[in-house]
file query_29.txt (compact mmCIF, C-alpha atoms and all ligand atoms)
# COMPACT_ATOMS: atom_id res chain seq x y z
CA MET A 1 -28.84 -50.91 5.81
CA ILE A 2 -26.88 -51.81 2.68
CA SER A 3 -23.16 -52.27 2.25
CA GLU A 4 -21.00 -49.43 1.09
CA GLY A 5 -20.08 -51.32 -2.09
CA ASP A 6 -23.72 -51.98 -2.99
CA ALA A 7 -24.60 -48.35 -2.32
CA ARG A 8 -21.82 -47.11 -4.56
CA ALA A 9 -22.79 -49.54 -7.33
CA LYS A 10 -26.43 -48.50 -7.13
CA ILE A 11 -25.54 -44.82 -7.33
CA LEU A 12 -23.19 -45.29 -10.26
CA GLU A 13 -25.85 -47.33 -12.06
CA ALA A 14 -28.20 -44.37 -11.85
CA VAL A 15 -25.59 -41.93 -13.15
CA ARG A 16 -25.24 -41.12 -16.85
CA PRO A 17 -22.38 -39.13 -18.33
CA LEU A 18 -23.77 -35.78 -19.49
CA PRO A 19 -23.51 -34.78 -23.19
CA ALA A 20 -20.06 -33.57 -24.22
CA LYS A 21 -19.40 -30.05 -25.40
CA LYS A 22 -16.62 -28.05 -27.02
CA MET A 23 -14.86 -25.63 -24.76
CA SER A 24 -12.04 -23.12 -25.14
CA ILE A 25 -8.77 -24.50 -23.82
CA LEU A 26 -8.74 -21.44 -21.57
CA GLN A 27 -11.80 -22.72 -19.73
CA ALA A 28 -11.27 -26.46 -19.84
CA ILE A 29 -9.04 -26.88 -16.77
CA ASP A 30 -10.33 -29.61 -14.39
CA HIS A 31 -12.78 -31.00 -16.97
CA PHE A 32 -12.42 -34.42 -18.59
CA ALA A 33 -11.67 -35.13 -22.22
CA ALA A 34 -14.72 -36.37 -24.11
CA GLU A 35 -12.69 -37.95 -26.90
CA ASP A 36 -9.22 -39.23 -27.67
CA TYR A 37 -6.76 -36.68 -29.01
CA PHE A 38 -3.78 -37.53 -31.22
CA ALA A 39 -0.77 -35.43 -32.19
CA ARG A 40 -1.30 -33.77 -35.54
CA LEU A 41 2.13 -32.17 -35.41
CA PRO A 42 5.44 -33.65 -34.27
CA LEU A 43 7.23 -31.97 -31.39
CA PRO A 44 9.55 -30.29 -32.05
CA MET A 45 8.01 -29.49 -35.43
CA PHE A 46 11.41 -28.94 -37.07
CA ASP A 47 15.07 -29.42 -36.16
CA ASN A 48 16.03 -26.36 -34.14
CA SER A 49 18.75 -24.97 -31.94
CA ALA A 50 18.71 -25.59 -28.18
CA MET A 51 21.14 -22.70 -27.58
CA ASP A 52 22.20 -19.28 -28.68
CA GLY A 53 25.36 -20.07 -30.66
CA TYR A 54 26.56 -21.14 -34.08
CA ALA A 55 25.22 -23.79 -36.43
CA VAL A 56 28.15 -25.89 -37.66
CA ILE A 57 29.22 -29.08 -39.31
CA ALA A 58 30.51 -31.09 -36.34
CA SER A 59 33.45 -32.60 -38.24
CA ASP A 60 34.78 -29.04 -38.92
CA CYS A 61 35.00 -28.33 -35.22
CA LYS A 62 38.16 -29.54 -33.60
CA THR A 63 39.34 -27.27 -30.77
CA GLY A 64 41.08 -24.26 -32.31
CA ALA A 65 39.29 -24.50 -35.69
CA ARG A 66 38.22 -21.26 -37.41
CA LEU A 67 34.89 -20.82 -39.21
CA ARG A 68 33.50 -17.91 -41.23
CA VAL A 69 30.17 -16.51 -40.04
CA ILE A 70 28.15 -16.20 -43.26
CA ASP A 71 24.68 -15.26 -41.99
CA GLU A 72 22.24 -15.20 -39.11
CA GLN A 73 19.19 -17.40 -38.37
CA PRO A 74 16.78 -16.00 -35.75
CA ALA A 75 13.78 -17.83 -34.28
CA GLY A 76 10.38 -17.28 -35.87
CA VAL A 77 11.32 -17.46 -39.53
CA ASP A 78 13.04 -20.07 -41.70
CA ARG A 79 15.58 -18.19 -43.80
CA LYS A 80 16.44 -21.42 -45.67
CA LEU A 81 20.16 -20.96 -45.05
CA ARG A 82 22.84 -23.55 -45.78
CA VAL A 83 26.10 -24.25 -43.96
CA SER A 84 29.02 -25.72 -45.89
CA ASN A 85 32.47 -26.79 -44.71
CA GLY A 86 34.45 -23.94 -43.18
CA ASN A 87 31.33 -21.82 -42.65
CA THR A 88 28.91 -21.27 -39.81
CA VAL A 89 25.58 -19.44 -39.25
CA ARG A 90 24.88 -17.41 -36.12
CA ILE A 91 21.79 -19.06 -34.58
CA PHE A 92 19.45 -18.47 -31.65
CA THR A 93 17.44 -20.76 -29.34
CA GLY A 94 14.40 -22.19 -31.14
CA ALA A 95 15.60 -21.12 -34.62
CA PRO A 96 15.37 -23.69 -37.45
CA MET A 97 18.64 -25.44 -38.24
CA PRO A 98 20.19 -24.36 -41.55
CA ALA A 99 20.59 -27.12 -44.14
CA GLY A 100 23.96 -28.87 -43.98
CA ALA A 101 24.59 -28.02 -40.29
CA ASP A 102 24.47 -30.97 -37.88
CA ALA A 103 25.34 -29.34 -34.54
CA VAL A 104 25.28 -26.09 -32.60
CA VAL A 105 28.20 -24.70 -30.63
CA MET A 106 27.21 -22.58 -27.65
CA GLN A 107 28.31 -18.97 -27.97
CA GLU A 108 30.15 -19.41 -24.65
CA ASP A 109 32.38 -22.03 -26.35
CA VAL A 110 33.66 -19.86 -29.17
CA THR A 111 35.72 -16.69 -29.51
CA ARG A 112 34.28 -14.24 -31.96
CA GLU A 113 36.85 -12.39 -34.09
CA GLY A 114 35.18 -10.12 -36.63
CA ASP A 115 33.29 -12.32 -39.10
CA GLU A 116 35.04 -15.43 -37.83
CA ILE A 117 34.78 -17.64 -34.78
CA VAL A 118 37.41 -19.79 -33.12
CA ILE A 119 36.02 -23.04 -31.71
CA ASN A 120 37.19 -23.76 -28.15
CA VAL A 121 35.69 -27.25 -27.71
CA ASP A 122 35.23 -30.49 -29.60
CA VAL A 123 31.73 -30.78 -31.07
CA GLU A 124 29.62 -33.89 -31.60
CA VAL A 125 27.00 -34.49 -34.25
CA ASP A 126 23.51 -33.43 -33.04
CA GLU A 127 24.89 -31.49 -30.09
CA PHE A 128 22.41 -28.81 -28.97
CA VAL A 129 20.07 -29.73 -31.82
CA ARG A 130 16.45 -30.48 -30.89
CA LYS A 131 15.44 -33.00 -33.52
CA ARG A 132 12.06 -32.94 -35.20
CA GLY A 133 9.68 -35.37 -33.46
CA CYS A 134 12.11 -36.40 -30.70
CA ASP A 135 9.57 -35.51 -27.99
CA LEU A 136 6.32 -36.45 -29.71
CA GLY A 137 5.61 -38.22 -32.99
CA GLU A 138 2.68 -37.44 -35.29
CA GLY A 139 -0.32 -39.64 -34.50
CA GLN A 140 0.76 -40.38 -30.92
CA LYS A 141 -2.05 -40.22 -28.36
CA ILE A 142 -1.84 -37.03 -26.31
CA LEU A 143 -5.09 -37.19 -24.31
CA GLY A 144 -7.45 -40.10 -23.69
CA LYS A 145 -11.23 -39.97 -23.41
CA GLY A 146 -12.04 -39.58 -19.70
CA ASP A 147 -8.58 -38.27 -18.76
CA PRO A 148 -8.46 -35.25 -16.47
CA ILE A 149 -7.55 -32.06 -18.27
CA VAL A 150 -4.70 -30.56 -16.30
CA ALA A 151 -2.55 -27.54 -17.11
CA THR A 152 0.17 -29.56 -18.83
CA LYS A 153 -2.34 -31.38 -21.09
CA LEU A 154 -3.84 -28.02 -22.04
CA ALA A 155 -0.37 -26.77 -22.92
CA LEU A 156 0.14 -29.86 -25.07
CA LEU A 157 -3.18 -29.28 -26.87
CA ALA A 158 -2.17 -25.66 -27.44
CA SER A 159 1.18 -26.78 -28.87
CA GLN A 160 -0.83 -28.76 -31.43
CA GLY A 161 -2.85 -25.71 -32.42
CA PHE A 162 -6.08 -26.80 -30.73
CA ALA A 163 -7.97 -23.75 -29.43
CA GLN A 164 -10.89 -25.88 -28.23
CA VAL A 165 -11.27 -29.25 -26.63
CA SER A 166 -14.26 -31.53 -26.34
CA VAL A 167 -15.09 -32.09 -22.66
CA GLY A 168 -17.64 -34.05 -20.69
CA GLY A 169 -20.77 -32.25 -19.49
CA GLU A 170 -20.78 -29.79 -16.63
CA VAL A 171 -22.69 -30.73 -13.51
CA ARG A 172 -24.87 -28.08 -11.89
CA ALA A 173 -25.43 -28.85 -8.25
CA ALA A 174 -27.59 -27.27 -5.56
CA ILE A 175 -27.00 -27.43 -1.80
CA ILE A 176 -29.65 -27.23 0.90
CA SER A 177 -28.47 -27.18 4.50
CA THR A 178 -31.34 -28.04 6.80
CA GLY A 179 -31.70 -27.44 10.52
CA ASP A 180 -33.52 -25.01 12.83
CA GLU A 181 -30.25 -24.53 14.66
CA LEU A 182 -28.28 -23.12 11.74
CA ALA A 183 -27.00 -19.57 11.58
CA LYS A 184 -24.95 -18.19 8.70
CA PRO A 185 -21.31 -17.33 9.38
CA GLY A 186 -21.13 -13.58 9.81
CA GLU A 187 -24.57 -13.43 11.43
CA LYS A 188 -25.24 -12.91 15.13
CA ILE A 189 -25.84 -16.25 16.83
CA GLN A 190 -28.60 -17.00 19.38
CA PRO A 191 -28.23 -19.40 22.34
CA GLY A 192 -28.66 -22.95 21.08
CA GLN A 193 -27.76 -22.10 17.51
CA ILE A 194 -24.65 -23.24 15.66
CA TYR A 195 -22.96 -21.87 12.60
CA ASP A 196 -23.62 -23.71 9.35
CA SER A 197 -20.29 -25.22 8.35
CA ASN A 198 -21.61 -27.84 5.94
CA SER A 199 -22.66 -25.38 3.25
CA VAL A 200 -19.15 -24.09 2.73
CA LEU A 201 -17.69 -27.60 3.12
CA LEU A 202 -19.97 -29.02 0.44
CA GLN A 203 -19.63 -26.03 -1.84
CA SER A 204 -15.84 -26.31 -1.70
CA LEU A 205 -15.87 -30.06 -2.25
CA LEU A 206 -18.27 -29.70 -5.18
CA GLU A 207 -16.12 -27.07 -6.81
CA ARG A 208 -13.00 -29.14 -6.19
CA ALA A 209 -14.73 -32.05 -7.92
CA GLY A 210 -15.41 -29.81 -10.93
CA ALA A 211 -19.14 -29.15 -10.42
CA ILE A 212 -20.82 -25.76 -10.69
CA VAL A 213 -22.62 -24.78 -7.51
CA ALA A 214 -25.90 -23.36 -8.81
CA SER A 215 -27.33 -22.45 -5.41
CA ALA A 216 -26.75 -22.95 -1.68
CA GLU A 217 -29.65 -22.34 0.68
CA ASN A 218 -30.49 -22.94 4.30
CA CYS A 219 -33.85 -24.33 5.31
CA SER A 220 -35.52 -24.84 8.68
CA ASP A 221 -36.90 -28.21 9.75
CA ASN A 222 -40.31 -27.46 8.39
CA GLY A 223 -42.06 -29.68 5.84
CA ASP A 224 -43.58 -26.88 3.76
CA SER A 225 -40.38 -24.85 3.55
CA LEU A 226 -38.38 -27.94 2.75
CA ARG A 227 -40.83 -28.92 0.05
CA ALA A 228 -40.53 -25.54 -1.64
CA VAL A 229 -36.72 -25.38 -1.60
CA ILE A 230 -36.30 -28.99 -2.73
CA GLN A 231 -38.76 -28.52 -5.58
CA SER A 232 -36.89 -25.50 -6.88
CA ALA A 233 -33.38 -26.91 -6.34
CA ALA A 234 -34.29 -30.19 -8.09
CA LYS A 235 -34.08 -28.50 -11.49
CA ASN A 236 -30.33 -29.06 -11.26
CA GLU A 237 -28.57 -32.31 -12.12
CA VAL A 238 -27.58 -32.86 -8.50
CA LEU A 239 -29.09 -31.80 -5.20
CA ILE A 240 -27.25 -32.26 -1.93
CA VAL A 241 -29.33 -31.97 1.20
CA SER A 242 -27.38 -31.74 4.44
CA GLY A 243 -29.00 -32.83 7.71
CA GLY A 244 -32.49 -34.08 8.43
CA VAL A 245 -31.98 -37.55 6.95
CA SER A 246 -31.88 -39.42 10.25
CA VAL A 247 -34.77 -40.84 12.29
CA GLY A 248 -35.81 -38.00 14.64
CA GLU A 249 -39.12 -36.12 14.46
CA HIS A 250 -37.24 -33.17 12.94
CA ASP A 251 -35.68 -35.26 10.19
CA LEU A 252 -38.10 -34.44 7.42
CA VAL A 253 -36.01 -34.82 4.29
CA GLN A 254 -37.01 -38.36 3.40
CA SER A 255 -40.76 -37.85 3.96
CA THR A 256 -40.70 -34.57 2.03
CA LEU A 257 -38.89 -36.22 -0.85
CA ARG A 258 -41.47 -39.02 -0.90
CA ASP A 259 -44.31 -36.46 -0.84
CA LEU A 260 -42.76 -34.83 -3.87
CA GLY A 261 -42.74 -38.18 -5.67
CA ALA A 262 -39.03 -38.90 -5.37
CA LYS A 263 -37.77 -42.44 -5.73
CA ILE A 264 -35.60 -43.29 -2.70
CA ASP A 265 -33.01 -45.87 -3.78
CA ILE A 266 -30.84 -45.93 -0.68
CA TRP A 267 -31.29 -45.02 2.93
CA ARG A 268 -28.75 -46.11 5.52
CA VAL A 269 -25.39 -47.48 4.51
CA ALA A 270 -22.94 -49.57 6.53
CA ILE A 271 -20.36 -46.81 6.74
CA LYS A 272 -18.97 -45.00 9.76
CA PRO A 273 -19.44 -42.11 9.92
CA GLY A 274 -22.36 -41.57 7.55
CA LYS A 275 -24.91 -44.29 8.28
CA PRO A 276 -28.12 -42.23 7.60
CA PHE A 277 -26.94 -41.42 4.04
CA LEU A 278 -29.78 -41.22 1.52
CA PHE A 279 -29.79 -41.43 -2.26
CA GLY A 280 -32.81 -40.91 -4.47
CA GLN A 281 -34.04 -39.40 -7.70
CA LEU A 282 -36.61 -36.69 -8.26
CA GLY A 283 -37.30 -36.41 -11.96
CA MET A 284 -33.87 -36.11 -13.60
CA CYS A 285 -32.25 -34.83 -10.41
CA LEU A 286 -29.98 -37.06 -8.34
CA ILE A 287 -30.58 -36.39 -4.66
CA PHE A 288 -27.92 -37.05 -2.05
CA GLY A 289 -29.04 -36.73 1.55
CA LEU A 290 -25.98 -36.37 3.76
CA PRO A 291 -26.08 -36.60 7.56
CA GLY A 292 -25.67 -33.20 9.21
CA ASN A 293 -22.66 -34.11 11.31
CA PRO A 294 -19.75 -32.49 9.48
CA VAL A 295 -17.48 -35.55 9.35
CA SER A 296 -20.35 -37.73 8.12
CA ALA A 297 -21.17 -35.18 5.42
CA PHE A 298 -17.51 -35.09 4.42
CA VAL A 299 -17.00 -38.85 4.24
CA THR A 300 -20.25 -39.59 2.41
CA PHE A 301 -19.55 -36.78 -0.06
CA LEU A 302 -16.17 -38.24 -0.95
CA GLN A 303 -17.33 -41.86 -1.12
CA PHE A 304 -20.68 -41.39 -2.89
CA VAL A 305 -21.24 -37.91 -4.30
CA ARG A 306 -17.80 -37.28 -5.75
CA PRO A 307 -17.69 -40.48 -7.87
CA ALA A 308 -21.18 -39.73 -9.22
CA ILE A 309 -20.19 -36.21 -10.24
CA LEU A 310 -17.00 -37.41 -11.86
CA ARG A 311 -18.91 -40.01 -13.86
CA MET A 312 -21.41 -37.35 -15.02
CA MET A 313 -18.44 -35.27 -16.15
CA GLY A 314 -17.09 -38.21 -18.15
CA ALA A 315 -14.12 -39.13 -15.94
CA ASN A 316 -12.52 -42.59 -16.12
CA ASP A 317 -11.09 -42.63 -12.62
CA LEU A 318 -13.73 -42.04 -9.97
CA ASP A 319 -11.64 -42.82 -6.90
CA LEU A 320 -9.61 -40.59 -4.67
CA PRO A 321 -5.89 -41.12 -5.17
CA LYS A 322 -4.52 -43.84 -2.90
CA ILE A 323 -1.02 -44.15 -1.55
CA PRO A 324 0.64 -46.73 0.66
CA ALA A 325 1.60 -45.59 4.16
CA LYS A 326 2.91 -47.16 7.34
CA LEU A 327 0.28 -47.22 10.07
CA THR A 328 1.58 -45.73 13.33
CA VAL A 329 -0.92 -47.41 15.73
CA ASP A 330 -2.97 -50.60 16.10
CA LEU A 331 -6.52 -50.24 14.75
CA THR A 332 -9.46 -52.61 15.09
CA ASN A 333 -12.93 -52.15 13.69
CA ASP A 334 -15.42 -54.17 15.71
CA SER A 335 -18.47 -52.24 14.54
CA ASP A 336 -20.87 -53.53 11.89
CA ARG A 337 -19.86 -50.74 9.49
CA ALA A 338 -16.73 -49.96 7.49
CA HIS A 339 -14.88 -47.24 9.38
CA TYR A 340 -13.22 -44.29 7.68
CA VAL A 341 -10.48 -43.20 10.06
CA ARG A 342 -9.31 -39.63 9.61
CA GLY A 343 -5.58 -39.14 9.80
CA LYS A 344 -2.49 -37.38 8.77
CA CYS A 345 -0.40 -38.93 6.04
CA GLU A 346 3.11 -37.58 6.25
CA ASN A 347 6.58 -38.88 5.32
CA GLY A 348 5.12 -42.26 4.41
CA ASN A 349 3.29 -42.69 7.73
CA PHE A 350 -0.42 -42.57 8.51
CA ALA A 351 -1.43 -41.48 12.02
CA PRO A 352 -5.08 -41.15 13.10
CA ILE A 353 -5.68 -37.59 14.22
CA GLY A 354 -8.25 -35.82 16.38
CA ARG A 355 -11.42 -37.24 17.88
CA GLN A 356 -12.87 -39.97 15.69
CA GLU A 357 -16.46 -38.88 16.16
CA SER A 358 -18.81 -37.63 13.48
CA HIS A 359 -19.18 -34.14 14.97
CA ALA A 360 -15.43 -33.61 15.46
CA LEU A 361 -14.70 -30.98 12.84
CA PHE A 362 -11.42 -29.80 14.35
CA GLY A 363 -10.01 -33.32 14.18
CA LEU A 364 -11.14 -33.57 10.58
CA SER A 365 -9.54 -30.22 9.77
CA GLN A 366 -6.15 -31.57 10.88
CA SER A 367 -6.34 -34.61 8.62
CA ASN A 368 -5.39 -35.01 4.98
CA ALA A 369 -6.19 -38.69 4.43
CA LEU A 370 -8.74 -41.40 5.14
CA LEU A 371 -8.08 -45.02 6.02
CA ARG A 372 -10.92 -47.46 5.42
CA VAL A 373 -10.97 -50.19 8.02
CA GLU A 374 -13.31 -53.04 7.09
CA THR A 375 -15.76 -54.55 9.57
CA GLY A 376 -13.90 -57.01 11.78
CA GLU A 377 -10.51 -55.93 10.45
CA SER A 378 -7.51 -55.63 12.79
CA LEU A 379 -4.49 -53.65 11.69
CA LYS A 380 -1.16 -53.54 13.48
CA ALA A 381 1.21 -50.60 13.93
CA GLY A 382 3.96 -50.81 11.31
CA GLU A 383 1.69 -52.42 8.71
CA THR A 384 1.53 -50.84 5.27
CA VAL A 385 -1.97 -49.68 4.40
CA ASP A 386 -3.44 -47.85 1.41
CA VAL A 387 -4.90 -44.50 2.38
CA GLN A 388 -7.09 -42.15 0.40
CA ILE A 389 -5.60 -38.71 -0.04
CA TRP A 390 -8.04 -35.90 -0.37
CA GLU A 391 -5.84 -32.87 0.19
P1 LIG B 401 -28.98 -34.06 11.58
O1 LIG B 401 -28.36 -34.88 10.52
O2 LIG B 401 -29.87 -32.98 11.03
O3 LIG B 401 -29.65 -34.89 12.60
O4 LIG B 401 -27.81 -33.29 12.32
C1 LIG B 401 -26.79 -34.01 13.00
C2 LIG B 401 -25.84 -33.06 13.69
O5 LIG B 401 -25.19 -32.27 12.71
C3 LIG B 401 -26.49 -32.10 14.64
O6 LIG B 401 -25.67 -31.93 15.74
C4 LIG B 401 -26.58 -30.83 13.83
O7 LIG B 401 -26.65 -29.68 14.62
C5 LIG B 401 -25.33 -30.89 13.01
N1 LIG B 401 -25.49 -30.17 11.76
C6 LIG B 401 -26.55 -30.25 10.93
N2 LIG B 401 -26.40 -29.46 9.88
C7 LIG B 401 -25.22 -28.82 10.05
C8 LIG B 401 -24.52 -27.86 9.30
N3 LIG B 401 -25.01 -27.37 8.14
N4 LIG B 401 -23.33 -27.44 9.75
C9 LIG B 401 -22.83 -27.93 10.90
N5 LIG B 401 -23.45 -28.84 11.66
C10 LIG B 401 -24.64 -29.29 11.25
MG MG B 402 -31.16 -31.61 11.71

call {"tool": "encode", "arguments": {"input": "query_29.txt", "output": "structure tokens"}}
result
Amino acid sequence: MISEGDARAKILEAVRPLPAKKMSILQAIDHFAAEDYFARLPLPMFDNSAMDGYAVIASDCKTGARLRVIDEQPAGVDRKLRVSNGNTVRIFTGAPMPAGADAVVMQEDVTREGDEIVINVDVEVDEFVRKRGCDLGEGQKILGKGDPIVATKLALLASQGFAQVSVGGEVRAAIISTGDELAKPGEKIQPGQIYDSNSVLLQSLLERAGAIVASAENCSDNGDSLRAVIQSAAKNEVLIVSGGVSVGEHDLVQSTLRDLGAKIDIWRVAIKPGKPFLFGQLGMCLIFGLPGNPVSAFVTFLQFVRPAILRMMGANDLDLPKIPAKLTVDLTNDSDRAHYVRGKCENGNFAPIGRQESHALFGLSQSNALLRVETGESLKAGETVDVQIWE
């Protein structure tokens, strides 16, 4: 049995970022930038009006002043107009500022009388003018290599005229759920069978991590069948096998992998739940063997599989987000394995929730956070702890 930290390090050592590729900004959501991006245009690109109103010279505009409306400047075209003392140009939101004007008066703050306006407020220089470059200067970094590409970053790239973005490689992953007892949701169930919940769990977690699920199959606890499905699924970058990695006579995953010539780097990690976790390599395929118990599969996915996938996709940050929370109960871990306690993080508090056993899927389904309690660690109610948020 190796420590969780050693297991993670060993896995990440075996993981290489996949080659980058160019992708349309319309497809790049949830990928990771494969290079640094810098602003090639300032934002705003030109001085423009923040309001529908009148472009003026601020010093002309004492309350009660009259100005002659000499022209109109809409958005979308620069009519190269000029405002001089005593004059104003009708202007609309986003329209380029006419030369000479240094402020905009909102239309609500003037009275229009024919081709004149009467100013009803005092006006300051730069009022309602969005100055060129005030938000973003040319050359400023807008996206760093390894940063997650989220909707707002895509919008920023679009504002710079980029139609494509270079992203880290896409991970194709296969899932095999093993077990003679498994029936597919929607099928009729026989006495002694259970519904396969790990396939959908793992598929959802993979997709949430940004991977493409190439296939998801069930397989009975039979060496020959297992051999065939593993061989075919191992053409992907990642293969996740659920169940069959423990020590019973029906746990055939490890021996089948060895028969196929796989290198087993890890088997059994000091983590609770998730001890029988297996990691190996078959050709270029990374193989993760997760224990069949749903909570074990969940915890080992998040602690070992997710970081590996993120690294393959070129991400900088491989960890789940962590936030501080006040523990609501005393917790002691006197086992020989680091314990991931499932709980609910709400209003700054973390409360363990549901049965803390590896089969307890309902308890897991009520949680949104994990607290790692180290071997021998004792935590007191009221203490502030860092919890991993996964939902
Ligand atoms: P195993 O790791 O194969 O020894 O399975 C451990 C426990 O997890 C057993 O109670 C299995 O019935 C259960 N289990 C295995 N695979 C799944 C699955 N795909 N969905 C839900 N439970 C499972
Ligand atoms: Mg099994």

call {"tool": "closest_atom_pairs", "arguments": {"input": "query_29.txt", "of": "chain A", "to": "ligand LIG 401 (chain B)", "cutoff": "8 Å", "atoms": "all atoms listed in the file", "output": "CSV"}}
result
residue,atom,partner,partner_atom,distance
A:Ser177,CA,B:LIG401,N3,5.0
A:Thr178,CA,B:LIG401,N2,6.0
A:Gly179,CA,B:LIG401,N2,5.7
A:Glu181,CA,B:LIG401,O7,6.3
A:Leu182,CA,B:LIG401,N3,6.5
A:Ile194,CA,B:LIG401,O7,6.8
A:Tyr195,CA,B:LIG401,N4,6.3
A:Asp196,CA,B:LIG401,N4,3.8
A:Ser197,CA,B:LIG401,N4,4.0
A:Asn198,CA,B:LIG401,N3,4.1
A:Ser199,CA,B:LIG401,N3,5.8
A:Ser242,CA,B:LIG401,N2,6.0
A:Gly243,CA,B:LIG401,O2,3.4
A:Gly244,CA,B:LIG401,O2,3.9
A:Val245,CA,B:LIG401,O1,5.7
A:Ser246,CA,B:LIG401,O3,5.6
A:Val247,CA,B:LIG401,O3,7.9
A:Gly248,CA,B:LIG401,O3,7.2
A:His250,CA,B:LIG401,O2,7.6
A:Asp251,CA,B:LIG401,O2,6.3
A:Pro276,CA,B:LIG401,O1,7.9
A:Leu290,CA,B:LIG401,O1,7.3
A:Pro291,CA,B:LIG401,O1,4.1
A:Gly292,CA,B:LIG401,O1,3.4
A:Asn293,CA,B:LIG401,O5,3.4
A:Pro294,CA,B:LIG401,N5,5.6
A:His359,CA,B:LIG401,O5,6.7

call {"tool": "residues_around", "arguments": {"input": "query_29.txt", "residues": "Ile264 in chain A", "least_positions_apart": "2", "cutoff": "12 Å", "atoms": "all atoms listed in the file", "output": "MDAnalysis selection string"}}
result
chainID A and resid 10:11 14 245 253:262 266:268 277:283 285:289

call {"tool": "write_last_selection", "arguments": {"input": "query_29.txt", "atoms": "C-alpha atoms", "output": "compact mmCIF listing (two decimals), keeping the file's coordinate frame"}}
result
# COMPACT_ATOMS: atom_id res chain seq x y z
CA LYS A 10 -26.43 -48.50 -7.13
CA ILE A 11 -25.54 -44.82 -7.33
CA ALA A 14 -28.20 -44.37 -11.85
CA VAL A 245 -31.98 -37.55 6.95
CA VAL A 253 -36.01 -34.82 4.29
CA GLN A 254 -37.01 -38.36 3.40
CA SER A 255 -40.76 -37.85 3.96
CA THR A 256 -40.70 -34.57 2.03
CA LEU A 257 -38.89 -36.22 -0.85
CA ARG A 258 -41.47 -39.02 -0.90
CA ASP A 259 -44.31 -36.46 -0.84
CA LEU A 260 -42.76 -34.83 -3.87
CA GLY A 261 -42.74 -38.18 -5.67
CA ALA A 262 -39.03 -38.90 -5.37
CA ILE A 266 -30.84 -45.93 -0.68
CA TRP A 267 -31.29 -45.02 2.93
CA ARG A 268 -28.75 -46.11 5.52
CA PHE A 277 -26.94 -41.42 4.04
CA LEU A 278 -29.78 -41.22 1.52
CA PHE A 279 -29.79 -41.43 -2.26
CA GLY A 280 -32.81 -40.91 -4.47
CA GLN A 281 -34.04 -39.40 -7.70
CA LEU A 282 -36.61 -36.69 -8.26
CA GLY A 283 -37.30 -36.41 -11.96
CA CYS A 285 -32.25 -34.83 -10.41
CA LEU A 286 -29.98 -37.06 -8.34
CA ILE A 287 -30.58 -36.39 -4.66
CA PHE A 288 -27.92 -37.05 -2.05
CA GLY A 289 -29.04 -36.73 1.55

call {"tool": "atom_distance", "arguments": {"input": "query_29.txt", "atom1": "CA of Thr63 in chain A", "atom2": "CA of Glu108 in chain A"}}
result
13.6 Å

call {"tool": "closest_residue", "arguments": {"input": "query_29.txt", "among": "A:Ala351, A:Val118, A:Cys219, A:Val171", "to": "ligand MG 402 (chain B)", "atoms": "only C-alpha atoms and all ligand atoms"}}
result
A:Cys219

call {"tool": "closest_residue", "arguments": {"input": "query_29.txt", "among": "A:Ile176, A:Asp334, A:Val238, A:Ile323", "to": "ligand MG 402 (chain B)", "atoms": "only C-alpha atoms and all ligand atoms"}}
result
A:Ile176

call {"tool": "residues_around", "arguments": {"input": "query_29.txt", "residues": "Ile25 in chain A", "least_positions_apart": "6", "cutoff": "12 Å", "atoms": "only C-alpha atoms", "output": "CSV table (one decimal) with C-alpha atoms, keeping the file's coordinate frame"}}
result
chain,number,residue,atom,x,y,z
A,31,HIS,CA,-12.8,-31.0,-17.0
A,32,PHE,CA,-12.4,-34.4,-18.6
A,33,ALA,CA,-11.7,-35.1,-22.2
A,149,ILE,CA,-7.6,-32.1,-18.3
A,150,VAL,CA,-4.7,-30.6,-16.3
A,151,ALA,CA,-2.6,-27.5,-17.1
A,152,THR,CA,0.2,-29.6,-18.8
A,153,LYS,CA,-2.3,-31.4,-21.1
A,154,LEU,CA,-3.8,-28.0,-22.0
A,155,ALA,CA,-0.4,-26.8,-22.9
A,156,LEU,CA,0.1,-29.9,-25.1
A,157,LEU,CA,-3.2,-29.3,-26.9
A,158,ALA,CA,-2.2,-25.7,-27.4
A,159,SER,CA,1.2,-26.8,-28.9
A,160,GLN,CA,-0.8,-28.8,-31.4
A,161,GLY,CA,-2.8,-25.7,-32.4
A,162,PHE,CA,-6.1,-26.8,-30.7
A,163,ALA,CA,-8.0,-23.8,-29.4
A,164,GLN,CA,-10.9,-25.9,-28.2
A,165,VAL,CA,-11.3,-29.2,-26.6
A,166,SER,CA,-14.3,-31.5,-26.3
A,167,VAL,CA,-15.1,-32.1,-22.7

call {"tool": "decode", "arguments": {"input": "query_29.txt", "residues": "range 2-16 of chain A", "atoms": "C-alpha atoms", "output": "compact mmCIF listing (two decimals), in the first residue's frame"}}
result
# COMPACT_ATOMS: atom_id res chain seq x y z
CA ILE A 2 1.47 3.38 -0.95
CA SER A 3 0.56 6.81 0.34
CA GLU A 4 -1.91 8.95 -1.49
CA GLY A 5 0.76 11.58 -2.22
CA ASP A 6 3.15 9.01 -3.70
CA ALA A 7 0.34 7.55 -5.80
CA ARG A 8 -0.61 10.94 -7.17
CA ALA A 9 3.02 11.80 -7.94
CA LYS A 10 3.55 8.49 -9.72
CA ILE A 11 0.45 8.97 -11.84
CA LEU A 12 1.33 12.54 -12.78
CA GLU A 13 4.85 11.41 -13.69
CA ALA A 14 3.37 9.00 -16.22
CA VAL A 15 1.09 11.63 -17.73
CA ARG A 16 2.15 13.77 -20.70
